[in-house]
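Q: Just query-v6.cif, nothing more (mmCIF, C-alpha atoms and all ligand atoms):
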```
data_protein
loop_
_atom_site.label_atom_id
_atom_site.label_comp_id
_atom_site.auth_asym_id
_atom_site.auth_seq_id
_atom_site.Cartn_x
_atom_site.Cartn_y
_atom_site.Cartn_z
CA MET A 1 -0.01 -9.48 -1.19
CA SER A 2 -0.42 -9.79 -4.92
CA ASN A 3 -2.82 -7.77 -6.98
CA LEU A 4 -5.13 -10.74 -7.58
CA GLU A 5 -7.53 -8.92 -9.84
CA ALA A 6 -8.42 -11.40 -12.61
CA ASP A 7 -8.14 -8.86 -15.41
CA PRO A 8 -6.11 -5.90 -14.19
CA ALA A 9 -6.23 -2.77 -16.31
CA GLU A 10 -3.17 -0.73 -17.08
CA THR A 11 -3.22 2.47 -15.06
CA VAL A 12 -1.27 5.59 -15.84
CA CYS A 13 -0.66 7.82 -12.84
CA PRO A 14 0.29 11.27 -14.11
CA ALA A 15 3.00 13.29 -12.44
CA SER A 16 1.52 15.26 -9.58
CA GLU A 17 0.62 18.89 -9.87
CA ASP A 18 0.32 21.18 -6.88
CA GLY A 19 -3.34 20.90 -6.01
CA GLY A 20 -3.42 23.14 -2.95
CA PRO A 21 -5.44 22.34 0.13
CA ALA A 22 -8.57 20.94 -1.54
CA ALA A 23 -10.49 18.26 0.35
CA LEU A 24 -11.89 15.46 -1.75
CA SER A 25 -13.70 12.32 -0.60
CA LEU A 26 -12.67 9.23 -2.57
CA PRO A 27 -14.78 6.11 -1.88
CA SER A 28 -12.91 2.82 -2.21
CA ARG A 29 -14.06 0.29 -4.79
CA GLU A 30 -14.71 -3.40 -4.30
CA VAL A 31 -12.25 -5.47 -6.34
CA PRO A 32 -13.11 -9.16 -6.69
CA LEU A 33 -10.06 -11.40 -6.42
CA GLY A 34 -9.64 -13.97 -9.16
CA GLY A 35 -7.27 -16.19 -7.19
CA VAL A 36 -9.11 -16.40 -3.88
CA ARG A 37 -12.64 -17.71 -4.17
CA GLY A 38 -15.42 -15.46 -2.98
CA THR A 39 -13.22 -12.74 -1.60
CA SER A 40 -12.64 -9.15 -2.51
CA VAL A 41 -10.67 -6.18 -1.31
CA ARG A 42 -11.58 -2.51 -0.94
CA ARG A 43 -9.16 -0.48 -3.07
CA SER A 44 -8.67 3.23 -2.37
CA LEU A 45 -5.54 3.86 -4.47
CA PRO A 46 -4.92 4.32 -7.29
CA HIS A 47 -8.13 6.33 -7.59
CA ARG A 48 -9.38 7.77 -10.87
CA ASP A 49 -9.25 11.33 -9.51
CA ILE A 50 -6.24 11.02 -7.24
CA PRO A 51 -3.90 8.24 -8.41
CA THR A 52 -1.16 8.94 -5.88
CA VAL A 53 -0.68 10.62 -2.50
CA GLY A 54 3.02 11.47 -2.32
CA ALA A 55 4.70 8.24 -3.49
CA TRP A 56 1.77 6.16 -2.15
CA CYS A 57 0.20 4.56 -5.21
CA PHE A 58 -1.78 1.55 -3.97
CA LEU A 59 -3.99 0.95 -0.93
CA ASP A 60 -6.01 -2.24 -0.41
CA HIS A 61 -7.98 -3.16 2.69
CA PHE A 62 -8.27 -6.96 2.71
CA GLY A 63 -10.43 -8.93 5.15
CA PRO A 64 -11.68 -9.60 7.68
CA THR A 65 -11.86 -13.16 6.40
CA ASP A 66 -11.72 -16.65 7.89
CA HIS A 67 -10.68 -18.07 4.51
CA PRO A 68 -7.06 -19.11 4.26
CA MET A 69 -5.20 -16.48 2.25
CA ASP A 70 -2.35 -18.25 0.49
CA ILE A 71 -0.75 -16.02 -2.10
CA LEU A 72 1.79 -17.99 -4.14
CA PRO A 73 5.04 -16.39 -5.31
CA HIS A 74 4.52 -13.40 -7.58
CA PRO A 75 6.82 -10.60 -8.75
CA HIS A 76 7.10 -6.86 -8.15
CA THR A 77 9.05 -4.07 -9.84
CA GLY A 78 9.51 -0.37 -9.10
CA LEU A 79 7.85 -0.28 -5.69
CA GLN A 80 7.94 -1.02 -1.98
CA THR A 81 5.19 -3.16 -0.42
CA VAL A 82 3.99 -2.16 3.03
CA THR A 83 2.07 -4.89 4.86
CA TRP A 84 0.21 -3.88 8.03
CA PRO A 85 -1.99 -6.61 9.56
CA LEU A 86 -4.94 -5.40 11.64
CA SER A 87 -5.75 -8.87 12.91
CA GLY A 88 -4.50 -12.39 12.22
CA ARG A 89 -1.02 -13.30 11.00
CA LEU A 90 0.79 -13.74 7.69
CA ARG A 91 3.91 -15.71 6.78
CA HIS A 92 6.09 -13.80 4.30
CA ARG A 93 8.75 -15.54 2.20
CA ASP A 94 10.74 -13.88 -0.58
CA SER A 95 13.45 -14.36 -3.18
CA LEU A 96 16.00 -12.80 -0.78
CA GLY A 97 15.53 -15.79 1.55
CA SER A 98 13.37 -13.98 4.12
CA ASP A 99 10.86 -16.11 6.07
CA VAL A 100 9.00 -13.98 8.60
CA VAL A 101 5.63 -14.02 10.38
CA VAL A 102 4.04 -10.57 10.61
CA ARG A 103 1.44 -9.74 13.28
CA PRO A 104 -0.69 -6.72 14.15
CA GLY A 105 1.53 -3.87 15.29
CA GLU A 106 4.38 -5.12 13.10
CA LEU A 107 5.49 -3.88 9.69
CA ASN A 108 6.77 -5.75 6.67
CA LEU A 109 8.48 -3.51 4.12
CA MET A 110 9.77 -5.08 0.93
CA THR A 111 11.67 -3.06 -1.67
CA SER A 112 11.53 -4.54 -5.14
CA GLY A 113 14.21 -2.46 -6.78
CA ALA A 114 14.45 -3.89 -10.32
CA GLY A 115 12.77 -7.13 -9.29
CA VAL A 116 11.80 -9.38 -6.39
CA SER A 117 9.27 -12.15 -5.77
CA HIS A 118 7.46 -13.21 -2.62
CA SER A 119 4.64 -15.30 -1.16
CA GLU A 120 2.23 -14.63 1.72
CA PHE A 121 0.52 -17.57 3.44
CA THR A 122 -1.91 -17.95 6.33
CA SER A 123 -2.66 -21.69 6.12
CA ASP A 124 0.86 -22.54 7.41
CA LEU A 125 -0.08 -20.76 10.64
CA ALA A 126 -3.64 -22.05 10.89
CA ASP A 127 -4.80 -22.16 14.48
CA PRO A 128 -8.51 -22.21 15.38
CA ALA A 129 -7.75 -19.60 18.04
CA ASP A 130 -6.51 -17.12 15.43
CA ALA A 131 -8.42 -13.95 14.75
CA PRO A 132 -9.71 -13.55 11.18
CA LEU A 133 -7.19 -12.05 8.79
CA ASP A 134 -7.65 -8.33 8.25
CA GLY A 135 -5.09 -5.85 7.05
CA LEU A 136 -3.78 -3.16 4.78
CA GLN A 137 -1.51 -3.59 1.80
CA LEU A 138 0.12 -0.48 0.41
CA TRP A 139 2.66 0.26 -2.28
CA VAL A 140 5.13 3.11 -2.42
CA ALA A 141 6.46 4.04 -5.88
CA LEU A 142 10.24 4.08 -6.08
CA PRO A 143 11.80 7.19 -7.66
CA GLU A 144 13.93 6.91 -10.79
CA ASP A 145 17.29 6.82 -8.99
CA VAL A 146 16.46 3.69 -6.95
CA ARG A 147 13.89 1.79 -8.99
CA HIS A 148 16.57 -0.14 -10.92
CA GLY A 149 18.50 -0.98 -7.71
CA SER A 150 18.61 -4.01 -5.44
CA ALA A 151 15.77 -5.62 -3.56
CA ALA A 152 15.52 -5.49 0.24
CA PHE A 153 13.26 -6.72 3.01
CA GLU A 154 12.73 -5.29 6.50
CA HIS A 155 10.55 -6.45 9.38
CA HIS A 156 9.94 -3.99 12.23
CA GLU A 157 8.37 -4.77 15.59
CA ASP A 158 9.35 -1.54 17.32
CA LEU A 159 7.93 1.53 15.61
CA PRO A 160 7.92 5.10 16.94
CA VAL A 161 4.75 6.39 18.58
CA LEU A 162 3.55 10.00 18.81
CA GLU A 163 1.10 10.81 21.61
CA ARG A 164 -0.88 14.05 21.18
CA GLY A 165 -3.95 14.60 23.36
CA SER A 166 -6.40 11.82 22.66
CA SER A 167 -4.47 10.59 19.59
CA ARG A 168 -1.76 8.00 19.43
CA ALA A 169 0.04 7.68 16.09
CA THR A 170 2.29 4.77 15.17
CA VAL A 171 4.66 5.85 12.41
CA LEU A 172 4.99 2.90 10.01
CA VAL A 173 7.24 4.60 7.49
CA GLY A 174 8.62 8.09 7.04
CA SER A 175 8.14 10.86 9.59
CA LEU A 176 5.39 12.58 11.54
CA GLU A 177 6.33 15.62 13.64
CA ASP A 178 9.54 14.54 15.42
CA GLN A 179 9.00 10.78 15.07
CA VAL A 180 10.85 8.92 12.32
CA SER A 181 10.30 5.28 11.39
CA PRO A 182 13.44 3.13 11.08
CA ALA A 183 12.04 1.64 7.83
CA GLU A 184 13.99 2.75 4.75
CA VAL A 185 12.05 4.86 2.25
CA HIS A 186 13.27 6.76 -0.80
CA SER A 187 11.17 9.93 -0.90
CA PRO A 188 9.88 12.25 1.86
CA LEU A 189 6.62 10.69 3.06
CA VAL A 190 4.64 9.33 5.99
CA GLY A 191 2.38 6.39 6.66
CA ALA A 192 0.89 6.27 10.17
CA GLU A 193 -1.88 4.48 12.03
CA ILE A 194 -3.72 6.83 14.38
CA THR A 195 -5.78 5.53 17.29
CA LEU A 196 -8.21 8.14 18.61
CA ARG A 197 -9.80 8.02 22.02
CA PRO A 198 -13.07 9.96 22.43
CA GLY A 199 -12.32 13.69 22.25
CA ASP A 200 -10.15 15.99 20.17
CA GLY A 201 -6.66 15.52 18.84
CA ALA A 202 -4.34 17.53 16.65
CA LEU A 203 -1.21 16.72 14.68
CA GLU A 204 1.22 19.03 12.95
CA LEU A 205 1.62 18.46 9.25
CA GLU A 206 4.42 19.17 6.80
CA ARG A 207 3.22 21.89 4.40
CA SER A 208 5.18 20.49 1.45
CA PHE A 209 3.36 17.12 1.75
CA GLU A 210 -0.02 16.26 0.32
CA TYR A 211 -2.06 14.07 2.69
CA ALA A 212 -4.98 11.69 2.79
CA VAL A 213 -6.78 10.01 5.70
CA GLN A 214 -8.87 6.84 5.77
CA VAL A 215 -10.98 5.40 8.58
CA ILE A 216 -9.95 1.86 9.48
CA ASP A 217 -12.64 1.49 12.15
CA GLY A 218 -15.04 3.73 14.03
CA ARG A 219 -16.16 7.22 13.07
CA ALA A 220 -14.22 10.44 13.12
CA ASP A 221 -14.16 14.00 11.81
CA VAL A 222 -10.95 15.18 10.16
CA ASN A 223 -10.56 18.95 9.74
CA GLY A 224 -14.33 19.22 10.17
CA GLU A 225 -15.19 16.57 7.52
CA ALA A 226 -16.99 13.41 8.63
CA LEU A 227 -15.14 10.35 7.34
CA ALA A 228 -17.10 7.40 5.98
CA PRO A 229 -15.53 3.94 6.41
CA ASP A 230 -13.21 2.78 3.63
CA THR A 231 -13.24 6.23 2.06
CA LEU A 232 -10.03 8.14 1.52
CA LEU A 233 -10.23 11.84 2.32
CA PHE A 234 -7.64 13.61 0.17
CA LEU A 235 -6.43 16.78 1.84
CA GLY A 236 -3.97 18.18 -0.69
CA SER A 237 -0.87 20.08 0.40
CA GLY A 238 -0.14 23.34 2.20
CA ARG A 239 -1.84 22.36 5.45
CA ALA A 240 -0.28 23.13 8.82
CA GLY A 241 -2.22 20.60 10.85
CA LEU A 242 -4.81 17.90 11.22
CA ASP A 243 -7.73 18.38 13.61
CA LEU A 244 -9.23 15.10 14.72
CA ARG A 245 -12.42 14.47 16.63
CA THR A 246 -14.31 11.32 17.57
CA GLU A 247 -17.20 10.61 19.93
CA ALA A 248 -16.69 6.89 20.42
CA GLY A 249 -13.15 6.24 19.28
CA ALA A 250 -11.70 5.47 15.87
CA ARG A 251 -8.65 4.16 14.10
CA LEU A 252 -7.32 6.01 11.05
CA LEU A 253 -4.63 5.63 8.43
CA LEU A 254 -2.70 8.78 7.54
CA LEU A 255 -0.77 8.87 4.27
CA GLY A 256 1.30 11.77 3.01
CA GLY A 257 4.32 12.75 1.01
CA VAL A 258 5.92 15.21 -1.33
CA PRO A 259 3.84 15.08 -4.54
CA PHE A 260 5.39 12.43 -6.79
CA GLU A 261 6.86 14.08 -9.87
CA GLU A 262 7.19 11.06 -12.17
CA GLU A 263 4.46 9.57 -14.31
CA LEU A 264 3.88 5.91 -13.43
CA VAL A 265 2.57 3.07 -15.54
CA MET A 266 1.06 0.42 -13.24
CA TRP A 267 -0.17 -2.98 -14.30
CA TRP A 268 -0.73 -6.09 -12.17
CA ASN A 269 2.22 -6.14 -9.72
CA PHE A 270 4.55 -3.98 -11.76
CA ILE A 271 5.30 -0.28 -11.78
CA GLY A 272 7.29 1.16 -14.65
CA ARG A 273 7.43 4.29 -16.72
CA SER A 274 6.12 2.87 -19.99
CA HIS A 275 3.95 0.09 -21.38
CA ALA A 276 7.09 -1.48 -22.86
CA GLU A 277 8.73 -1.78 -19.43
CA VAL A 278 5.67 -3.46 -17.95
CA GLU A 279 5.45 -5.81 -20.93
CA GLN A 280 9.13 -6.74 -20.52
CA ALA A 281 8.67 -7.45 -16.80
CA ARG A 282 5.69 -9.68 -17.61
CA THR A 283 7.67 -11.61 -20.25
CA GLN A 284 10.58 -12.08 -17.85
CA TRP A 285 8.32 -13.34 -15.04
CA GLU A 286 6.68 -15.80 -17.40
CA ALA A 287 10.15 -16.98 -18.47
CA SER A 288 11.29 -17.38 -14.81
CA ALA A 289 14.11 -14.91 -15.48
CA ASP A 290 16.78 -14.30 -12.84
CA ARG A 291 15.44 -10.78 -12.38
CA PHE A 292 12.80 -12.05 -9.92
CA GLY A 293 14.78 -14.84 -8.21
CA SER A 294 12.75 -17.64 -6.66
CA VAL A 295 10.99 -18.23 -3.37
CA ALA A 296 11.98 -21.44 -1.55
CA GLY A 297 9.34 -23.83 -0.23
CA HIS A 298 6.77 -23.72 -3.02
CA ALA A 299 8.15 -26.44 -5.32
CA GLY A 300 8.10 -24.02 -8.25
CA ALA A 301 4.41 -23.10 -7.87
CA ARG A 302 3.78 -19.44 -8.67
CA ILE A 303 1.11 -17.01 -9.83
CA PRO A 304 1.18 -16.68 -13.60
CA ALA A 305 0.85 -13.17 -14.99
CA PRO A 306 -2.59 -12.38 -16.41
CA PRO A 307 -2.77 -11.55 -20.11
CA LEU A 308 -1.87 -7.97 -20.94
CA PRO A 309 -4.92 -5.84 -21.69
CA ASN A 310 -5.54 -4.86 -25.29
CA VAL A 311 -6.36 -1.33 -24.27
CA ARG A 312 -3.57 0.98 -23.26
CA LEU A 313 -4.50 4.00 -21.26
CA THR A 314 -3.21 7.41 -22.07
CA PRO A 315 -2.05 9.73 -19.31
CA ARG A 316 -4.73 11.78 -17.55
CA ARG A 317 -4.39 15.00 -15.72
CA ARG A 318 -5.16 14.92 -12.04
CA ARG A 319 -8.50 16.35 -10.87
MN MN B 401 3.00 -8.84 -3.36
#
```
Translate the structure of the given file into structure tokens.
Ligand code: MN

A:
Amino acid sequence: MSNLEADPAETVCPASEDGGPAALSLPSREVPLGGVRGTSVRRSLPHRDIPTVGAWCFLDHFGPTDHPMDILPHPHTGLQTVTWPLSGRLRHRDSLGSDVVVRPGELNLMTSGAGVSHSEFTSDLADPADAPLDGLQLWVALPEDVRHGSAAFEHHEDLPVLERGSSRATVLVGSLEDQVSPAEVHSPLVGAEITLRPGDGALELERSFEYAVQVIDGRADVNGEALAPDTLLFLGSGRAGLDLRTEAGARLLLLGGVPFEEELVMWWNFIGRSHAEVEQARTQWEASADRFGSVAGHAGARIPAPPLPNVRLTPRRRR
């Protein structure tokens, strides 16, 4: 999925500082999409107070929508995209030649390295019997030693599952307790979907990770805090475990990772370390440079980069 915001601001995500085990509720914000008429997404990351959770730097909940969602080829730099459909299906094509349909329970992980481009279409798959499209799009920032490297794409249909009491966690990327996803990541982290049946559940956490939890559906308490829908509960680091409780069932997203030590400059679909890097990526995309390759099947159609904002943000401290 592209960041389809019509006028994206430049965001500076400062290097993380050890925040300790504070709990902070971060409501998502509604972001209208310029490219898709009448639709919007709920964006939880980057958040003004907490720009990153580990290397997780972007979290959009899109849908549910019956509108076709056809996202033409667009570029990425410095990140991995994690696509996790909750209902419906998406066809992914990229400049590496991948052409894959992703369904609920399956993971698409694309690593941009220095540059990649891709498209995501639903109209190709249109079937009146299809469920509305609903899903999560996340980005993982790549650390310095791999962000200039090659692009890669992985599709996983068989992900590890951790059963603990009334909770069932599917590990999308990274590791949770003794379960490790086969998807390749470049810093210690976890992304997991947790399905809770009525009752209590508990999961062991990694003390060196900071964590955040978001309700996908239902209602639940996490470490005694009631979670509102589409609100990210930031839990900080230094925690030994997660206590989960639900009366009627719930589905949650758990994100965590070692606090990311590098300052990021994010704009549109690019992550760099400076305004100049982002500006160069934009210029190269507009010039159809080799850096981003091309996606077959679109007859050259692509999403043009929005104009760069006049205002550059200066780094902020977290919290
Ligand atoms: Mn994308």

Q: Using only C-alpha atoms, determine which residues lie at most 7 Å from range 237-248 of chain A, disregarding the query and same-chain residues fewer than 4 positions distant; provide the list as a ChimeraX atom specification.

A: /A:19-21,196,198-211,219-223

Q: Which is closest to ligand MN 401 (chain B) among A:Thr170, A:Ser40, A:Asn269, A:Ser150, if we use all atoms listed in the file?

A: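 Using all atoms listed in the file, the shortest distance to ligand MN 401 (chain B) belongs to A:Asn269.
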
Q: Dump as a tab-separated table the rows for residues of chain A within 10 Å of ligand MN 401 (chain B): closest atom pair and distance in Å with one decimal, all atoms listed in the file counted, ordered by chain and rising residue number.

A:
```
residue	atom	partner	partner_atom	distance
A:Met1	CA	B:MN401	MN	3.8
A:Ser2	CA	B:MN401	MN	3.9
A:Asn3	CA	B:MN401	MN	6.9
A:Leu4	CA	B:MN401	MN	9.4
A:Ile71	CA	B:MN401	MN	8.2
A:Leu72	CA	B:MN401	MN	9.3
A:Pro73	CA	B:MN401	MN	8.1
A:His74	CA	B:MN401	MN	6.4
A:Pro75	CA	B:MN401	MN	6.8
A:His76	CA	B:MN401	MN	6.6
A:Gln80	CA	B:MN401	MN	9.4
A:Thr81	CA	B:MN401	MN	6.8
A:Val82	CA	B:MN401	MN	9.3
A:Thr83	CA	B:MN401	MN	9.2
A:His92	CA	B:MN401	MN	9.6
A:Asp94	CA	B:MN401	MN	9.6
A:Met110	CA	B:MN401	MN	8.9
A:Ser112	CA	B:MN401	MN	9.7
A:Val116	CA	B:MN401	MN	9.3
A:Ser117	CA	B:MN401	MN	7.5
A:His118	CA	B:MN401	MN	6.3
A:Ser119	CA	B:MN401	MN	7.0
A:Glu120	CA	B:MN401	MN	7.7
A:Gln137	CA	B:MN401	MN	8.6
A:Leu138	CA	B:MN401	MN	9.6
A:Trp139	CA	B:MN401	MN	9.2
A:Trp268	CA	B:MN401	MN	10.0
A:Asn269	CA	B:MN401	MN	7.0
A:Phe270	CA	B:MN401	MN	9.8
```

Q: Grab the CA of Ala23 in chain A to CA of Asp217 in chain A distance for me, in Å with one decimal place.

A: 20.6 Å

Q: For CA of Leu125 in chain A and CA of Thr77 in chain A, quote the distance in Å rounded to one decimal.

A: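 It comes out at 28.0 Å.
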
Q: Quick one, how far is CA of Gly236 in chain A from CA of Leu59 in chain A?

A: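 Straight-line distance from CA of Gly236 in chain A to CA of Leu59 in chain A works out to 17.2 Å.
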
Q: Of the candidates A:Gly224, A:Pro160, A:Pro259, A:Gly218, which one gets nearest to Ser187 in chain A if we count all atoms listed in the file?

A: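 That would be A:Pro259, the residue with the smallest distance to Ser187 in chain A.
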